[in-house]
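run_21.cif (mmCIF, C-alpha atoms) appears below.
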```cif
data_my_file
loop_
_atom_site.label_atom_id
_atom_site.label_comp_id
_atom_site.auth_asym_id
_atom_site.auth_seq_id
_atom_site.Cartn_x
_atom_site.Cartn_y
_atom_site.Cartn_z
CA MET I 1 -69.78 53.31 -10.02
CA LYS I 2 -72.38 54.04 -7.34
CA GLY I 3 -74.23 50.79 -7.66
CA ILE I 4 -77.00 49.30 -5.60
CA ASP I 5 -76.69 47.41 -2.34
CA GLN I 6 -76.34 43.65 -2.39
CA ASP I 7 -79.65 43.15 -0.60
CA SER I 8 -81.55 45.04 -3.32
CA ALA I 9 -79.68 43.10 -5.98
CA LYS I 10 -80.66 39.83 -4.34
CA ARG I 11 -84.30 40.88 -4.02
CA PHE I 12 -84.26 41.89 -7.68
CA HIS I 13 -82.91 38.45 -8.50
CA ASP I 14 -85.73 36.89 -6.49
CA GLY I 15 -88.36 38.82 -8.46
CA ASP I 16 -89.28 41.46 -5.90
CA PHE I 17 -91.21 44.28 -7.64
CA GLU I 18 -90.09 46.86 -5.10
CA ALA I 19 -86.49 45.97 -5.89
CA LEU I 20 -87.31 46.40 -9.60
CA ARG I 21 -88.72 49.85 -8.83
CA PHE I 22 -85.56 50.69 -6.91
CA VAL I 23 -83.37 49.55 -9.82
CA ILE I 24 -85.44 51.61 -12.27
CA GLU I 25 -85.23 54.72 -10.11
CA ARG I 26 -81.52 54.22 -9.59
CA TYR I 27 -80.58 53.61 -13.23
CA GLN I 28 -83.28 55.21 -15.37
CA GLY I 29 -81.22 58.34 -15.97
CA SER I 30 -78.14 56.40 -17.04
CA VAL I 31 -80.10 54.01 -19.20
CA PHE I 32 -82.10 56.76 -20.89
CA GLY I 33 -78.90 58.76 -21.41
CA ILE I 34 -77.12 55.79 -22.92
CA GLY I 35 -80.12 55.19 -25.18
CA LEU I 36 -80.09 58.83 -26.23
CA LYS I 37 -76.37 58.88 -26.93
CA LEU I 38 -76.43 55.51 -28.66
CA LEU I 39 -79.64 55.76 -30.66
CA GLY I 40 -79.94 59.52 -31.07
CA SER I 41 -83.64 60.10 -30.47
CA VAL I 42 -85.91 60.51 -27.45
CA ASP I 43 -88.47 57.99 -28.71
CA ASP I 44 -85.85 55.34 -29.35
CA ALA I 45 -84.19 56.07 -26.00
CA LYS I 46 -87.54 55.73 -24.23
CA ASP I 47 -88.27 52.38 -25.89
CA PHE I 48 -84.74 51.30 -25.15
CA SER I 49 -85.09 52.19 -21.46
CA GLN I 50 -88.32 50.24 -21.07
CA ASP I 51 -86.85 47.26 -22.90
CA VAL I 52 -83.70 47.27 -20.76
CA PHE I 53 -85.57 47.12 -17.45
CA LEU I 54 -88.12 44.60 -18.64
CA HIS I 55 -85.46 42.44 -20.22
CA ALA I 56 -83.29 42.62 -17.09
CA PHE I 57 -86.22 41.59 -14.89
CA GLU I 58 -87.14 38.78 -17.25
CA LYS I 59 -83.57 37.48 -17.38
CA ARG I 60 -82.85 38.05 -13.67
CA ASP I 61 -82.22 34.31 -13.17
CA ARG I 62 -79.01 34.74 -15.13
CA TYR I 63 -77.71 37.30 -12.67
CA ASP I 64 -75.57 35.98 -9.85
CA PRO I 65 -76.65 38.00 -6.76
CA GLU I 66 -73.31 37.29 -5.13
CA ARG I 67 -71.57 39.42 -7.76
CA PRO I 68 -71.85 43.18 -8.49
CA PHE I 69 -75.04 44.15 -10.25
CA GLU I 70 -73.79 46.87 -12.63
CA PRO I 71 -71.53 44.89 -14.99
CA TRP I 72 -74.31 42.39 -15.64
CA PHE I 73 -76.95 45.08 -15.97
CA PHE I 74 -75.00 47.38 -18.30
CA LYS I 75 -73.80 44.45 -20.39
CA LEU I 76 -77.43 43.50 -20.92
CA ALA I 77 -78.26 47.13 -21.73
CA MET I 78 -75.44 47.45 -24.25
CA ASN I 79 -76.38 44.17 -25.91
CA LEU I 80 -79.89 45.47 -26.30
CA GLY I 81 -78.56 48.76 -27.66
CA ARG I 82 -76.39 46.91 -30.17
CA GLN I 83 -79.38 44.83 -31.18
CA LYS I 84 -81.35 47.99 -31.90
CA LEU I 85 -78.43 49.49 -33.80
CA ARG I 86 -78.08 46.28 -35.78
CA MET I 87 -81.73 46.52 -36.74
CA ARG I 88 -80.90 49.96 -38.08
CA ARG I 89 -77.80 48.43 -39.73
CA GLU I 90 -75.41 50.32 -37.46
CA ILE I 91 -73.29 47.53 -36.14
CA PRO I 92 -70.73 48.30 -33.40
CA GLY I 93 -67.44 46.61 -34.18
CA SER I 94 -67.62 47.09 -37.91
CA ASP I 95 -65.09 49.61 -39.14
CA ASN I 96 -66.41 49.54 -42.69
CA MET I 97 -69.83 50.66 -41.66
CA PRO I 98 -71.01 53.92 -43.14
CA ILE I 99 -71.68 56.56 -40.53
CA GLU I 100 -75.36 57.22 -40.31
CA VAL I 101 -76.30 60.70 -39.24
CA THR I 102 -79.91 60.77 -38.20
CA GLU I 103 -82.17 63.75 -38.63
CA GLU I 104 -83.32 63.52 -35.05
CA THR I 105 -80.41 65.06 -33.28
CA ALA I 106 -82.28 67.35 -30.95
CA TYR I 107 -83.83 66.38 -27.68
CA ARG I 108 -87.16 67.53 -29.15
CA GLY I 109 -87.66 70.08 -26.47
CA VAL I 110 -87.50 67.49 -23.72
CA ILE I 111 -83.96 68.34 -22.81
CA GLU I 112 -83.50 71.98 -23.52
CA GLY I 113 -80.43 73.79 -24.69
CA GLU I 114 -78.45 74.36 -27.79
CA ARG I 115 -75.35 72.84 -26.24
CA LYS I 116 -77.08 69.54 -25.52
CA GLU I 117 -78.45 69.55 -29.02
CA ARG I 118 -74.96 70.02 -30.41
CA VAL I 119 -73.65 67.25 -28.18
CA GLN I 120 -76.28 64.91 -29.52
CA HIS I 121 -75.57 65.92 -33.10
CA ALA I 122 -71.82 65.44 -32.66
CA LEU I 123 -72.35 62.04 -31.05
CA THR I 124 -74.44 60.80 -33.96
CA THR I 125 -71.52 61.40 -36.29
CA LEU I 126 -69.42 58.92 -34.30
CA LYS I 127 -69.26 55.25 -35.08
CA PRO I 128 -71.27 53.25 -32.52
CA ILE I 129 -68.17 51.57 -31.06
CA TYR I 130 -66.95 55.00 -29.91
CA ARG I 131 -70.43 56.19 -29.01
CA GLU I 132 -71.04 53.27 -26.64
CA CYS I 133 -67.73 53.83 -24.84
CA LEU I 134 -68.44 57.53 -24.35
CA ALA I 135 -71.99 56.75 -23.22
CA LEU I 136 -70.77 54.30 -20.60
CA ARG I 137 -68.12 56.76 -19.43
CA PHE I 138 -70.25 59.91 -19.28
CA GLU I 139 -73.74 58.52 -18.62
CA ALA I 140 -73.13 55.45 -16.51
CA ASP I 141 -69.99 56.97 -14.99
CA LEU I 142 -68.11 53.70 -15.40
CA LYS I 143 -64.37 53.40 -15.00
CA LEU I 144 -62.05 52.01 -17.63
CA HIS I 145 -61.99 48.42 -16.37
CA GLU I 146 -65.74 48.47 -15.80
CA ILE I 147 -66.40 49.53 -19.40
CA ALA I 148 -63.99 46.81 -20.51
CA GLU I 149 -65.95 44.23 -18.51
CA VAL I 150 -69.29 45.40 -19.86
CA LEU I 151 -68.16 45.42 -23.49
CA GLY I 152 -65.97 42.33 -23.23
CA ILE I 153 -62.86 44.08 -24.54
CA SER I 154 -59.49 44.96 -23.01
CA PRO I 155 -59.00 48.15 -20.96
CA GLU I 156 -56.41 49.25 -23.52
CA THR I 157 -58.98 49.00 -26.30
CA VAL I 158 -61.44 50.96 -24.19
CA LYS I 159 -58.82 53.63 -23.62
CA THR I 160 -58.12 53.89 -27.35
CA ARG I 161 -61.81 54.05 -28.21
CA LEU I 162 -62.51 56.68 -25.56
CA ARG I 163 -59.61 58.79 -26.79
CA ARG I 164 -60.52 58.50 -30.48
CA GLY I 165 -64.16 59.03 -29.68
CA LEU I 166 -63.43 62.18 -27.72
CA MET I 167 -61.12 63.49 -30.45
CA VAL I 168 -63.74 63.06 -33.18
CA PHE I 169 -66.49 64.33 -30.89
CA LYS I 170 -64.44 67.44 -30.10
CA GLU I 171 -63.90 68.16 -33.79
CA CYS I 172 -67.61 67.90 -34.60
CA TYR I 173 -68.73 69.74 -31.50
CA ILE I 174 -66.35 72.66 -31.96
CA LYS I 175 -67.09 72.94 -35.69
CA ALA I 176 -70.82 72.97 -35.07
CA GLY I 177 -70.67 75.42 -32.20
CA ASP I 178 -70.13 79.05 -31.51
CA TYR I 179 -66.40 79.42 -31.24
CA SER I 180 -66.75 82.40 -28.96
CA GLU I 181 -67.50 79.95 -26.16
CA LEU I 182 -63.81 79.18 -26.06
CA GLN I 183 -63.17 82.66 -24.76
CA LYS I 184 -65.33 81.85 -21.73
CA CYS I 185 -63.34 78.78 -20.78
CA MET L 1 -43.05 65.14 -27.65
CA ASN L 2 -44.75 66.29 -30.85
CA CYS L 3 -48.17 67.92 -31.10
CA LYS L 4 -49.86 64.70 -32.22
CA ASN L 5 -48.72 62.91 -29.08
CA ALA L 6 -49.63 65.94 -27.02
CA GLU L 7 -53.20 65.91 -28.36
CA GLU L 8 -53.60 62.28 -27.34
CA LEU L 9 -52.43 63.16 -23.85
CA ILE L 10 -54.78 66.13 -23.72
CA ALA L 11 -57.69 63.87 -24.59
CA ASP L 12 -56.53 61.28 -22.06
CA ARG L 13 -56.25 63.94 -19.37
CA GLU L 14 -59.83 65.07 -20.01
CA LEU L 15 -60.90 61.44 -19.66
CA GLY L 16 -58.98 61.11 -16.40
CA LEU L 17 -56.60 58.53 -17.82
CA LEU L 18 -53.21 60.17 -17.27
CA ASP L 19 -50.73 59.40 -14.53
CA ALA L 20 -48.60 62.07 -12.84
CA ASP L 21 -45.56 61.58 -15.07
CA GLN L 22 -47.62 61.97 -18.23
CA VAL L 23 -49.25 65.12 -16.85
CA ASN L 24 -45.82 66.65 -16.21
CA GLU L 25 -44.65 65.67 -19.68
CA LEU L 26 -47.75 67.28 -21.20
CA GLU L 27 -47.40 70.45 -19.16
CA GLU L 28 -43.84 70.80 -20.35
CA HIS L 29 -44.99 70.63 -23.97
CA LEU L 30 -47.89 73.02 -23.39
CA SER L 31 -45.60 75.62 -21.89
CA GLU L 32 -43.91 75.87 -25.27
CA CYS L 33 -46.81 75.30 -27.71
CA ASP L 34 -49.59 77.82 -28.37
CA ASP L 35 -51.48 75.48 -30.75
CA CYS L 36 -51.74 72.75 -28.15
CA ARG L 37 -52.84 75.22 -25.47
CA LYS L 38 -55.70 76.12 -27.78
CA LEU L 39 -56.48 72.42 -28.10
CA VAL L 40 -56.64 72.17 -24.31
CA SER L 41 -59.43 74.77 -24.31
CA GLU L 42 -61.31 72.95 -27.05
CA TYR L 43 -61.09 69.60 -25.27
CA ALA L 44 -62.15 71.17 -21.99
CA LEU L 45 -65.20 72.64 -23.70
CA ALA L 46 -66.12 69.37 -25.41
CA THR L 47 -65.69 67.33 -22.24
CA LEU L 48 -67.70 69.79 -20.20
CA ALA L 49 -70.49 69.56 -22.78
CA LEU L 50 -70.46 65.77 -22.53
CA LYS L 51 -70.56 65.91 -18.74
CA GLU L 52 -73.38 68.44 -18.73
CA SER L 53 -75.40 66.38 -21.20
CA ARG L 54 -75.62 63.64 -18.62
CA THR L 55 -79.21 62.61 -18.02
CA ASP L 56 -80.16 62.55 -14.37
CA SER L 57 -83.89 62.20 -14.84
CA VAL L 58 -86.16 60.94 -17.55
CA PRO L 59 -88.86 63.11 -19.14
CA PHE L 60 -91.55 60.46 -18.66
CA VAL L 61 -92.83 58.04 -16.06
CA LEU L 62 -90.83 54.90 -16.56
CA ALA L 63 -91.18 52.90 -13.34
CA ASP L 64 -94.98 52.58 -13.35
CA ASP L 65 -95.13 51.49 -16.99
CA VAL L 66 -92.37 48.93 -16.59
CA LEU L 67 -93.80 47.59 -13.33
CA ALA L 68 -97.27 47.26 -14.81
CA PHE L 69 -95.93 45.39 -17.81
CA ALA L 70 -93.63 43.23 -15.71
CA GLY L 71 -96.51 42.38 -13.36
CA LYS L 72 -98.75 41.37 -16.25
CA HIS L 73 -96.00 39.31 -17.75
CA GLN L 74 -95.21 37.74 -14.40
CA GLY L 75 -98.91 36.90 -14.04
CA LYS L 76 -98.89 35.11 -17.37
CA ARG L 77 -95.83 33.15 -16.34
CA ALA L 78 -97.45 32.24 -13.02
CA ARG L 79 -100.67 31.13 -14.79
CA LEU L 80 -98.62 29.11 -17.21
CA PHE L 81 -96.85 27.38 -14.35
CA ARG L 82 -100.15 26.80 -12.53
CA LEU L 83 -101.54 25.02 -15.59
CA ALA L 84 -98.38 23.44 -16.88
CA VAL L 85 -97.33 21.64 -13.70
CA PRO L 86 -100.59 19.68 -13.17
CA ALA L 87 -100.78 18.95 -16.90
CA LEU L 88 -97.27 17.57 -16.93
CA ALA L 89 -97.96 15.52 -13.80
CA ALA L 90 -101.10 14.03 -15.39
CA ALA L 91 -99.18 13.20 -18.55
CA ALA L 92 -96.47 11.49 -16.50
CA VAL L 93 -99.03 9.36 -14.64
CA LEU L 94 -100.70 8.37 -17.91
CA LEU L 95 -97.41 7.34 -19.43
CA ALA L 96 -96.53 5.36 -16.32
CA VAL L 97 -99.83 3.47 -16.48
CA VAL L 98 -99.48 2.71 -20.20
CA PHE L 99 -95.91 1.56 -20.03
CA SER L 100 -95.84 -0.01 -16.55
CA PRO L 101 -96.24 -3.65 -17.78
CA VAL L 102 -93.03 -3.25 -19.69
CA PHE L 103 -91.23 -2.39 -16.49
CA PHE L 104 -93.06 -4.53 -13.96
CA THR L 105 -93.52 -7.92 -15.72
CA LYS L 106 -90.93 -10.29 -17.13
CA ASP L 107 -93.25 -11.59 -19.80
CA SER L 108 -95.58 -9.51 -21.88
CA SER L 109 -98.08 -12.47 -22.30
CA ASP L 110 -100.97 -13.02 -19.93
CA MET L 111 -100.41 -16.85 -19.55
CA THR L 112 -100.24 -18.38 -16.11
CA THR L 113 -97.11 -20.18 -15.02
CA LEU L 114 -98.86 -23.56 -15.39
CA GLN L 115 -99.93 -22.73 -18.92
CA VAL L 116 -96.40 -21.71 -19.80
CA LEU L 117 -95.02 -25.00 -18.44
CA GLU L 118 -97.62 -26.95 -20.35
CA ALA L 119 -96.71 -25.08 -23.48
CA TYR L 120 -93.08 -25.89 -22.93
CA ALA L 121 -93.97 -29.56 -22.41
CA ASP L 122 -95.95 -29.62 -25.64
CA ASP L 123 -93.08 -28.02 -27.45
CA PHE L 124 -90.57 -30.54 -26.08
CA GLU L 125 -92.85 -33.39 -27.01
CA ALA L 126 -93.20 -32.13 -30.55
CA ILE L 127 -89.45 -31.63 -30.82
CA GLY L 128 -88.86 -35.14 -29.49
CA MET L 129 -91.25 -36.64 -31.97
CA GLU L 130 -89.73 -34.79 -34.84
CA ASP L 131 -86.21 -35.70 -33.80
CA GLY L 132 -87.26 -39.32 -33.25
CA PHE L 133 -88.62 -39.62 -36.72
CA ASP L 134 -85.61 -37.96 -38.25
CA ASP L 135 -83.20 -40.27 -36.42
CA TYR L 136 -85.24 -43.39 -36.82
CA ASP L 137 -83.03 -46.36 -37.71
CA THR L 138 -84.83 -48.23 -40.40
CA GLY L 139 -82.29 -51.12 -40.24
CA PHE L 140 -83.06 -51.91 -36.58
CA ARG L 141 -84.09 -55.56 -35.92
CA TYR L 142 -84.81 -57.25 -32.56
CA GLU L 143 -83.16 -60.42 -33.74
CA ASP L 144 -79.84 -58.58 -33.93
CA PHE L 145 -80.08 -58.22 -30.15
CA GLY L 146 -81.05 -61.84 -29.49
CA ILE L 147 -84.69 -61.04 -29.15
CA VAL L 148 -87.14 -63.01 -31.11
CA ASP L 149 -90.17 -61.40 -32.50
CA THR L 150 -92.14 -62.40 -29.46
CA LEU L 151 -95.11 -60.49 -30.33
CA THR L 152 -95.47 -62.14 -33.64
CA THR L 153 -94.68 -65.49 -32.01
CA SER L 154 -97.19 -64.98 -29.27
CA ILE L 155 -99.77 -63.97 -31.77
CA ASN L 156 -98.92 -66.89 -33.84
CA GLN L 157 -99.05 -69.03 -30.79
#
```
What would the structure in this file look like if it were written as structure tokens?
Amino acid sequence: MKGIDQDSAKRFHDGDFEALRFVIERYQGSVFGIGLKLLGSVDDAKDFSQDVFLHAFEKRDRYDPERPFEPWFFKLAMNLGRQKLRMRREIPGSDNMPIEVTEETAYRGVIEGERKERVQHALTTLKPIYRECLALRFEADLKLHEIAEVLGISPETVKTRLRRGLMVFKECYIKAGDYSELQKC
Amino acid sequence: MNCKNAEELIADRELGLLDADQVNELEEHLSECDDCRKLVSEYALATLALKESRTDSVPFVLADDVLAFAGKHQGKRARLFRLAVPALAAAAVLLAVVFSPVFFTKDSSDMTTLQVLEAYADDFEAIGMEDGFDDYDTGFRYEDFGIVDTLTTSINQ
């Protein structure tokens, strides 16, 4: 995890707008990517990103500036993501939940490429508990124990979810794609 | 190792979760299994796709919008505090004035000490009178104590 320096984290905690700008610039890609992978559409991911940064700034009193910034920040982001999924009745943690495949699987021309479109489509077929683990691994670049801390689960559970998530993702991605790509690898 | 176990290890390796011993164990299986070698290619492709889908920039201006909204919100909070603190202070002073007699006087009446003592005296007098009448011995006679009814005598005299 790259993180931000402790001074910026402290200034963010104290309500410094320049520190907020720094946090946004540092994490906007990760947050937008997590939103995209979790919620499946550019509009939702954009709203999600704005909400995450505003919510984090509003709740900055709850952050202990003596501790690393990322676990607190991504936990807040994932809680917000879960809240949005819950509103759409996709609740992470529920194994009986029907998988909802949204129509909006493309990046709507914002992020070009058939491969990215297929990635997004394959991700939407995953249950959110797997989607959020993959998003934290591949968007936020978090390590196993960091994902465990953010989600409040054991590293072993994270490992299982990442593995199952990748296995299901691989199946969907390969089925949906041009198999000839395998020859290039 | 069977192919099911091997697939789990392939996935774990793509996720960077294998230790050296597990890698060796997997390689040993792969050297003998064509199906699993094909799986390795598929997992590599899927993982590469996930890595390449990583978002490094956002397709809109996020910072300015968030900062503008946060500033406005912060302004509202600041205004609220500017109004709320004096209002609360005024309310506290008012309450202190209203309830101060309760805390600063022993008696809620506005009688002076002399008036209170006089009231007590009146009360004792009344109590004494009442008790006196209640305990009055109707069989008392002066003669029983060797005292003649001087008054009557003197009057008679």
Could you make a table, as CSV, of the residues of chain L that have an atom within 12 Å of an atom of chain I, each with its nearest atom pair and distance in Å to one decimal, counting only C-alpha atoms, in chain and number order?
```
residue,atom,partner,partner_atom,distance
L:Lys4,CA,I:Met167,CA,11.5
L:Asn5,CA,I:Arg163,CA,11.9
L:Glu7,CA,I:Met167,CA,8.5
L:Glu8,CA,I:Arg163,CA,7.0
L:Leu9,CA,I:Arg163,CA,8.9
L:Ile10,CA,I:Arg163,CA,9.3
L:Ala11,CA,I:Arg163,CA,5.9
L:Asp12,CA,I:Arg163,CA,6.2
L:Arg13,CA,I:Arg163,CA,9.6
L:Glu14,CA,I:Leu166,CA,9.0
L:Leu15,CA,I:Arg163,CA,7.7
L:Gly16,CA,I:Lys143,CA,9.5
L:Leu17,CA,I:Lys159,CA,7.9
L:Leu18,CA,I:Lys159,CA,10.7
L:Arg37,CA,I:Leu182,CA,11.7
L:Lys38,CA,I:Leu182,CA,8.8
L:Leu39,CA,I:Lys170,CA,9.6
L:Val40,CA,I:Cys185,CA,10.1
L:Ser41,CA,I:Leu182,CA,6.5
L:Glu42,CA,I:Leu182,CA,6.8
L:Tyr43,CA,I:Lys170,CA,6.3
L:Ala44,CA,I:Cys185,CA,7.8
L:Leu45,CA,I:Cys185,CA,7.0
L:Ala46,CA,I:Lys170,CA,5.3
L:Thr47,CA,I:Leu166,CA,7.9
L:Leu48,CA,I:Cys185,CA,10.0
L:Ala49,CA,I:Val119,CA,6.7
L:Leu50,CA,I:Val119,CA,6.7
L:Lys51,CA,I:Phe138,CA,6.0
L:Glu52,CA,I:Lys116,CA,7.8
L:Ser53,CA,I:Lys116,CA,5.6
L:Arg54,CA,I:Glu139,CA,5.5
L:Thr55,CA,I:Gly33,CA,5.1
L:Asp56,CA,I:Gly29,CA,4.6
L:Ser57,CA,I:Gly29,CA,4.8
L:Val58,CA,I:Gly29,CA,5.8
L:Pro59,CA,I:Val110,CA,6.5
L:Phe60,CA,I:Lys46,CA,8.3
L:Val61,CA,I:Gln28,CA,10.0
L:Leu62,CA,I:Gln50,CA,7.0
L:Ala63,CA,I:Arg21,CA,6.0
L:Asp64,CA,I:Arg21,CA,8.2
L:Asp65,CA,I:Gln50,CA,8.0
L:Val66,CA,I:Gln50,CA,6.2
L:Leu67,CA,I:Phe17,CA,7.1
L:Ala68,CA,I:Phe17,CA,9.8
L:Phe69,CA,I:Leu54,CA,7.9
L:Ala70,CA,I:Leu54,CA,6.4
L:Gly71,CA,I:Phe17,CA,8.0
L:Lys72,CA,I:Leu54,CA,11.4
L:His73,CA,I:Glu58,CA,8.9
L:Gln74,CA,I:Glu58,CA,8.6
L:Arg77,CA,I:Glu58,CA,10.4
```
Shell of 10 Å around Lys10 in chain I, only C-alpha atoms, local chain residues under 4 positions omitted, as a list in words: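 My list of contacting residues is Asp5, Gln6, Asp14, Gly15, Asp16, Ala19, Arg60, Tyr63, Asp64, Pro65, Glu66, Arg67 and Phe69 of chain I.
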Point-to-point distance from CA of Phe48 in chain I to CA of Arg88 in chain I, Å rounded to tenths: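 Straight-line distance from CA of Phe48 in chain I to CA of Arg88 in chain I works out to 13.6 Å.
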Distance in Å - CA of Pro155 in chain I versus CA of Gln22 in chain L: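 Those two atoms sit 18.1 Å apart.
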Close residues, Met78 in chain I itself excluded, 9 Å, only C-alpha atoms, min 3 positions apart in chain, as a list of chain:residue names: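 The neighbour list is I:Ile34, I:Val52, I:Phe73, I:Phe74, I:Lys75, I:Gly81, I:Arg82, I:Gln83, I:Glu132, I:Val150, I:Leu151.
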Point-to-point distance from CA of Lys59 in chain I to CA of Ser154 in chain I, Å rounded to tenths: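 Distance between the two atoms: 25.8 Å.
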Exercise: Asn2 in chain L partners within 10 Å, all atoms listed in the file, chain neighbours under 6 positions left out, as a ChimeraX atom specification: /L:29,33,36
